[in-house]
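Peer 1: entry-v2.cif is the file, holding mmCIF, C-alpha atoms:
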```cif
data_my_file
loop_
_atom_site.label_atom_id
_atom_site.label_comp_id
_atom_site.auth_asym_id
_atom_site.auth_seq_id
_atom_site.Cartn_x
_atom_site.Cartn_y
_atom_site.Cartn_z
CA MET A 14 -25.09 5.94 25.81
CA ILE A 15 -23.72 7.68 22.73
CA VAL A 16 -24.42 11.41 22.37
CA TYR A 17 -24.78 12.09 18.66
CA ALA A 18 -23.19 15.22 17.27
CA PHE A 19 -26.41 16.75 15.94
CA VAL A 20 -27.96 17.10 19.43
CA LEU A 21 -24.98 19.01 20.84
CA GLU A 22 -24.94 22.76 21.27
CA ARG A 23 -23.38 24.59 18.31
CA LYS A 24 -20.40 26.00 20.22
CA LEU A 25 -19.54 22.55 21.61
CA ARG A 26 -19.91 20.96 18.16
CA SER A 27 -17.45 23.50 16.78
CA LYS A 28 -14.97 22.79 19.57
CA LEU A 29 -15.18 19.03 19.00
CA SER A 30 -14.85 19.50 15.25
CA ASN A 31 -11.61 21.44 15.69
CA LEU A 32 -10.16 19.05 18.26
CA ARG A 33 -6.68 17.59 17.80
CA LEU A 34 -6.62 14.15 19.40
CA PHE A 35 -3.90 11.51 19.70
CA MET A 36 -4.97 7.93 20.45
CA VAL A 37 -2.55 5.05 21.10
CA GLY A 38 -3.96 1.60 20.39
CA CYS A 39 -6.59 0.47 17.85
CA GLY A 40 -7.76 -2.79 19.37
CA ALA A 41 -11.05 -3.57 21.10
CA ILE A 42 -11.22 -0.35 23.13
CA GLY A 43 -9.73 1.70 20.29
CA CYS A 44 -12.44 0.57 17.86
CA GLU A 45 -15.19 1.53 20.30
CA LEU A 46 -13.62 4.91 21.00
CA LEU A 47 -13.07 5.70 17.32
CA LYS A 48 -16.71 4.91 16.60
CA ASN A 49 -17.83 7.24 19.39
CA PHE A 50 -15.43 9.98 18.26
CA ALA A 51 -16.75 9.77 14.71
CA LEU A 52 -20.38 9.99 15.89
CA LEU A 53 -19.49 13.02 18.00
CA GLY A 54 -17.97 14.71 14.95
CA ILE A 55 -14.50 15.01 16.50
CA ALA A 56 -11.91 16.27 13.97
CA GLY A 57 -14.67 16.95 11.46
CA SER A 58 -13.23 20.30 10.34
CA HIS A 59 -10.04 21.08 8.43
CA ASN A 60 -8.47 22.32 11.67
CA GLY A 61 -9.15 19.07 13.53
CA MET A 62 -7.21 15.81 13.34
CA MET A 63 -7.34 12.42 15.03
CA THR A 64 -3.89 10.86 14.99
CA ILE A 65 -3.98 7.15 15.83
CA THR A 66 -1.14 4.66 16.09
CA ASP A 67 -0.85 0.90 16.53
CA ASN A 68 2.01 -1.28 15.29
CA ASP A 69 -0.05 -4.49 15.42
CA LEU A 70 -1.65 -6.44 12.56
CA ILE A 71 -5.20 -7.79 12.53
CA GLU A 72 -5.55 -11.44 13.57
CA LYS A 73 -8.56 -13.69 13.08
CA SER A 74 -9.04 -13.82 16.86
CA ASN A 75 -9.57 -10.03 16.88
CA LEU A 76 -12.74 -10.17 14.80
CA ASN A 77 -15.07 -11.22 17.62
CA ARG A 78 -14.59 -7.94 19.54
CA GLN A 79 -12.93 -5.40 17.23
CA PHE A 80 -15.89 -4.54 15.05
CA LEU A 81 -14.15 -2.14 12.65
CA PHE A 82 -12.33 -5.15 11.16
CA ARG A 83 -13.63 -7.85 8.78
CA PRO A 84 -12.21 -11.22 7.60
CA HIS A 85 -10.67 -9.65 4.49
CA HIS A 86 -8.70 -7.29 6.75
CA ILE A 87 -6.68 -10.09 8.39
CA GLN A 88 -2.91 -9.36 8.40
CA LYS A 89 -3.51 -5.71 7.55
CA PRO A 90 -2.41 -2.88 9.90
CA LYS A 91 -4.95 -2.13 12.62
CA SER A 92 -4.49 1.64 12.54
CA VAL A 93 -4.83 2.02 8.76
CA THR A 94 -7.85 -0.29 8.62
CA ALA A 95 -9.57 1.37 11.58
CA ALA A 96 -9.06 4.80 10.02
CA SER A 97 -10.59 3.61 6.75
CA SER A 98 -13.54 1.95 8.49
CA VAL A 99 -14.36 4.90 10.72
CA THR A 100 -14.61 7.27 7.75
CA ILE A 101 -17.53 5.13 6.55
CA ILE A 102 -19.32 6.03 9.79
CA ASN A 103 -18.55 9.74 9.35
CA PRO A 104 -16.88 10.76 6.07
CA ASP A 105 -16.12 14.25 7.46
CA VAL A 106 -13.65 13.16 10.14
CA HIS A 107 -9.92 13.50 9.53
CA VAL A 108 -7.84 10.54 10.70
CA ASP A 109 -4.07 10.17 10.36
CA PRO A 110 -3.06 6.52 10.98
CA HIS A 111 0.46 5.62 12.12
CA GLN A 112 2.08 2.22 12.63
CA HIS A 113 4.68 3.26 15.19
CA LYS A 114 5.17 2.32 18.81
CA VAL A 115 5.06 5.19 21.30
CA CYS A 116 8.19 4.56 23.36
CA PRO A 117 11.54 6.18 24.27
CA GLU A 118 12.94 5.15 20.86
CA THR A 119 10.39 7.35 19.03
CA GLU A 120 10.42 10.15 21.58
CA GLU A 121 13.12 12.19 19.84
CA THR A 122 11.97 11.74 16.24
CA LEU A 123 8.21 11.14 15.97
CA TYR A 124 6.31 11.68 19.20
CA THR A 125 8.31 14.59 20.54
CA ASP A 126 7.33 17.10 23.21
CA GLN A 127 6.25 19.45 20.43
CA PHE A 128 3.96 16.76 19.01
CA PHE A 129 2.28 16.14 22.37
CA GLU A 130 1.93 19.87 23.05
CA SER A 131 0.14 20.28 19.70
CA GLN A 132 -2.60 17.87 20.82
CA ASP A 133 -5.71 18.94 22.74
CA LEU A 134 -6.33 15.46 24.15
CA VAL A 135 -4.43 12.19 24.45
CA VAL A 136 -6.29 8.86 24.65
CA ASN A 137 -4.97 5.49 25.80
CA ALA A 138 -6.45 2.29 24.35
CA LEU A 139 -3.61 0.03 25.46
CA ASP A 140 -3.35 -3.54 26.70
CA ASN A 141 -0.35 -3.38 29.03
CA VAL A 142 0.62 -1.43 32.13
CA GLU A 143 4.13 -0.51 30.99
CA ALA A 144 2.85 1.40 27.95
CA ARG A 145 0.18 3.12 30.05
CA ARG A 146 2.76 4.35 32.53
CA TYR A 147 4.96 5.66 29.73
CA MET A 148 2.07 7.54 28.11
CA ASP A 149 1.11 8.96 31.51
CA SER A 150 4.66 10.25 32.05
CA ARG A 151 4.65 11.93 28.63
CA CYS A 152 1.32 13.62 29.33
CA VAL A 153 2.51 14.78 32.75
CA SER A 154 5.72 16.27 31.31
CA THR A 155 3.89 18.03 28.46
CA GLN A 156 0.80 18.94 30.54
CA ARG A 157 -1.71 17.22 28.27
CA ALA A 158 -5.10 15.88 29.33
CA LEU A 159 -5.27 12.07 29.17
CA LEU A 160 -8.26 9.76 28.81
CA GLU A 161 -7.05 6.41 30.16
CA SER A 162 -9.08 3.25 29.60
CA GLY A 163 -8.43 -0.46 29.89
CA THR A 164 -9.87 -3.90 30.45
CA MET A 165 -8.89 -6.93 32.51
CA GLY A 166 -11.08 -9.96 31.91
CA PRO A 167 -14.72 -8.92 32.34
CA LYS A 168 -13.76 -5.72 34.17
CA GLY A 169 -13.06 -2.31 32.64
CA HIS A 170 -11.99 1.12 33.80
CA VAL A 171 -11.89 4.70 32.57
CA GLN A 172 -9.83 7.45 34.19
CA VAL A 173 -9.89 11.11 33.18
CA ILE A 174 -6.57 12.83 33.97
CA VAL A 175 -6.47 16.63 33.83
CA PRO A 176 -3.24 18.57 34.55
CA HIS A 177 -3.27 20.49 37.87
CA LEU A 178 -6.73 19.09 38.69
CA THR A 179 -6.57 15.29 39.09
CA GLU A 180 -4.01 12.70 40.07
CA SER A 181 -2.04 11.01 37.29
CA TYR A 182 -2.30 7.38 36.25
CA ALA A 183 0.96 6.53 38.04
CA SER A 184 -0.38 7.89 41.34
CA GLN A 185 -1.94 4.50 42.02
CA ARG A 186 -0.47 1.03 41.62
CA ASP A 187 -2.12 -1.44 39.24
CA PRO A 188 -2.66 -5.07 40.22
CA PRO A 189 -0.04 -7.41 38.71
CA GLU A 190 -0.85 -8.68 35.21
CA GLU A 191 -1.52 -12.42 35.34
CA ASP A 192 -2.22 -12.97 31.64
CA VAL A 193 -0.09 -11.91 28.70
CA PRO A 194 -2.07 -10.44 25.73
CA HIS A 195 -2.23 -12.85 22.79
CA CYS A 196 -0.92 -10.24 20.33
CA THR A 197 2.13 -9.69 22.54
CA LEU A 198 2.91 -13.41 22.67
CA LYS A 199 2.42 -13.85 18.93
CA SER A 200 4.11 -10.75 17.55
CA PHE A 201 6.02 -8.77 20.18
CA PRO A 202 7.50 -11.03 22.91
CA ALA A 203 9.79 -8.73 24.88
CA VAL A 204 10.72 -10.55 28.11
CA ILE A 205 11.60 -14.13 29.06
CA GLU A 206 8.13 -14.66 30.57
CA HIS A 207 6.61 -14.09 27.13
CA THR A 208 8.71 -16.82 25.51
CA ILE A 209 7.99 -19.24 28.36
CA GLN A 210 4.24 -18.68 27.97
CA TRP A 211 4.54 -19.03 24.18
CA ALA A 212 6.23 -22.42 24.65
CA ARG A 213 3.53 -23.52 27.10
CA ASP A 214 0.78 -22.54 24.65
CA LYS A 215 2.59 -24.35 21.81
CA PHE A 216 3.00 -27.51 23.89
CA GLU A 217 -0.66 -27.39 24.95
CA ASN A 218 -1.75 -27.01 21.33
CA CYS A 219 0.48 -29.81 19.99
CA PHE A 220 0.06 -32.44 22.69
CA THR A 221 -3.34 -31.73 24.27
CA GLN A 222 -5.71 -29.72 22.07
CA LYS A 223 -4.99 -31.33 18.70
CA PRO A 224 -4.87 -34.94 19.96
CA GLY A 225 -8.05 -34.26 21.95
CA LEU A 226 -9.80 -32.95 18.83
CA TYR A 227 -8.62 -36.01 16.87
CA MET A 228 -9.89 -38.48 19.46
CA THR A 229 -13.21 -36.64 19.87
CA LEU A 230 -13.86 -36.68 16.11
CA TRP A 231 -13.33 -40.43 15.75
CA SER A 232 -15.16 -41.32 18.95
CA THR A 233 -18.29 -39.47 17.79
CA ASN A 234 -18.24 -40.34 14.09
CA GLY A 235 -17.28 -44.03 13.99
CA SER A 236 -15.25 -45.50 11.15
CA PRO A 237 -13.69 -43.59 8.22
CA GLU A 238 -16.43 -45.01 5.98
CA GLN A 239 -19.15 -43.58 8.23
CA LEU A 240 -17.40 -40.20 8.33
CA LEU A 241 -17.15 -40.18 4.55
CA GLU A 242 -20.88 -40.87 4.25
CA THR A 243 -21.59 -38.02 6.66
CA LEU A 244 -19.49 -35.61 4.60
CA GLN A 245 -21.14 -36.73 1.35
CA SER A 246 -24.55 -36.03 2.87
CA GLY A 247 -23.54 -32.40 3.38
CA ASP A 248 -22.95 -32.48 7.15
CA GLU A 249 -19.64 -31.25 8.51
CA PRO A 250 -18.69 -32.66 11.92
CA GLU A 251 -16.99 -30.10 14.13
CA GLY A 252 -13.23 -30.04 13.65
CA VAL A 253 -13.17 -32.37 10.66
CA TYR A 254 -11.07 -30.08 8.46
CA ARG A 255 -8.55 -29.45 11.23
CA VAL A 256 -8.19 -33.22 11.67
CA ILE A 257 -7.73 -33.69 7.91
CA LYS A 258 -5.03 -31.02 7.98
CA MET A 259 -3.30 -32.80 10.87
CA LEU A 260 -3.39 -36.12 8.99
CA LYS A 261 -1.84 -34.54 5.90
CA ARG A 262 1.00 -33.15 8.03
CA ARG A 263 1.53 -36.23 10.20
CA PRO A 264 5.16 -37.35 10.63
CA PHE A 265 6.32 -40.42 8.70
CA ARG A 266 9.68 -40.84 10.42
CA LEU A 267 11.04 -40.31 13.91
CA GLY A 268 12.00 -36.66 14.44
CA GLU A 269 9.48 -35.28 11.94
CA LEU A 270 6.89 -34.19 14.50
CA CYS A 271 5.11 -31.15 13.11
CA CYS A 272 3.13 -28.88 15.44
CA SER A 273 2.15 -26.24 12.89
#
```
Kindly present the structure from the file in structure tokens form.

Peer 2:
Amino acid sequence: MIVYAFVLERKLRSKLSNLRLFMVGCGAIGCELLKNFALLGIAGSHNGMMTITDNDLIEKSNLNRQFLFRPHHIQKPKSVTAASSVTIINPDVHVDPHQHKVCPETEETLYTDQFFESQDLVVNALDNVEARRYMDSRCVSTQRALLESGTMGPKGHVQVIVPHLTESYASQRDPPEEDVPHCTLKSFPAVIEHTIQWARDKFENCFTQKPGLYMTLWSTNGSPEQLLETLQSGDEPEGVYRVIKMLKRRPFRLGELCCS
């Protein structure tokens, strides 16, 4: 349940308004958190700032669960778009969007110890264990409080990590990751397992999903003449435009197989 800023005690509202917060990840969890932060009035004063970073771009598949994004945002940066959308919810909040990865390569130039120490709170909205462990190590070394959150299928978790009071994220071992996030496969494959899974998905799409869609369309709609009559009547059988696209790109000679 969301606690709106106007029902909070004045001293607490002031503290939230002056908060300096750093959030890594602007996907499904990041959108939800940003919405909550805006409704709480976090970084609503000139002294406060929410710094968010995500090096990913918005894909069509994101729209069903990342509600700060719309169809016209596809292929735009997640962090910049999320920052713009959240200011519609609360125009007073200050958000600084970055498009950088938080990793050892940016540790000496962008996200230094001094940067972490200037933050009151660090928030994880990540989709992989490796990045979570790295963020945890940075918060441990700089003694910053960390709000860790994540999902795995239908399950979710939240862990509040406070220096000198609670255990760190790395104190417990996560279960092995069985699925690779779609955005990682599509944009940031980093290990051989990613490329193998990408090839499997591509093969499945080319030789199972598309032929299956083609056969289903013709088995349920009869001859081309009947399909044309259906289209002229205003009805659109499921998958018809994808099948038309496949027919336009069909190979005419051996070796011209196109899976795009």

Peer 1: Between A:Asp149, A:Glu118, A:Glu206, A:Glu130, which has the minimum distance to A:Ser181 (counting only C-alpha atoms)?

Peer 2: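 Using only C-alpha atoms, A:Ser181 sits closest to A:Asp149.
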
Peer 1: My list of candidates is A:Leu160, A:Leu139, A:Met36, A:Leu123. Which is closest to A:Ala95 when distances are computed with only C-alpha atoms?

Peer 2: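 Once distances to A:Ala95 are computed over only C-alpha atoms, the minimum belongs to A:Met36.
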
Peer 1: Smallest atom-to-atom distance to A:Ala158: which of A:Lys215, A:Glu143, A:His107, A:Asp133, using all atoms listed in the file?

Peer 2: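 Closest to A:Ala158, using all atoms listed in the file: A:Asp133.
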
Peer 1: Check the smallest atom-to-atom distance from each of A:Val256, A:Leu34, A:Val153, A:Leu81 to A:Tyr227 using only C-alpha atoms, then report the winner.

Peer 2: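 Between A:Val256, A:Leu34, A:Val153, A:Leu81, the residue approaching A:Tyr227 most closely is A:Val256.
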
Peer 1: Return as a list of chain:residue names the set of residues that the PyMOL selection byres ((chain A and resi 84) around 12) yields on the displayed structure.

Peer 2: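 That expression, the PyMOL selection byres ((chain A and resi 84) around 12), corresponds here to A:Ile71, A:Glu72, A:Lys73, A:Ser74, A:Asn75, A:Leu76, A:Asn77, A:Gln79, A:Phe80, A:Leu81, A:Phe82, A:Arg83, A:His85, A:His86, A:Ile87, A:Gln88, A:Lys89, A:Thr94.
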
Peer 1: Report the residues retrieved by the PyMOL selection byres ((chain A and resi 52-59) around 6) from the displayed file, expressed as JSON, numbers by chain.

Peer 2: {"A": [17, 18, 29, 30, 31, 32, 49, 50, 51, 60, 61, 62, 105, 106, 107]}

Peer 1: Which residues, named as in the file, does the PyMOL selection byres ((chain A and resi 41) around 8) pick out? Answer as number ranges by chain.

Peer 2: A: 39-40, 42-45, 75, 78-80
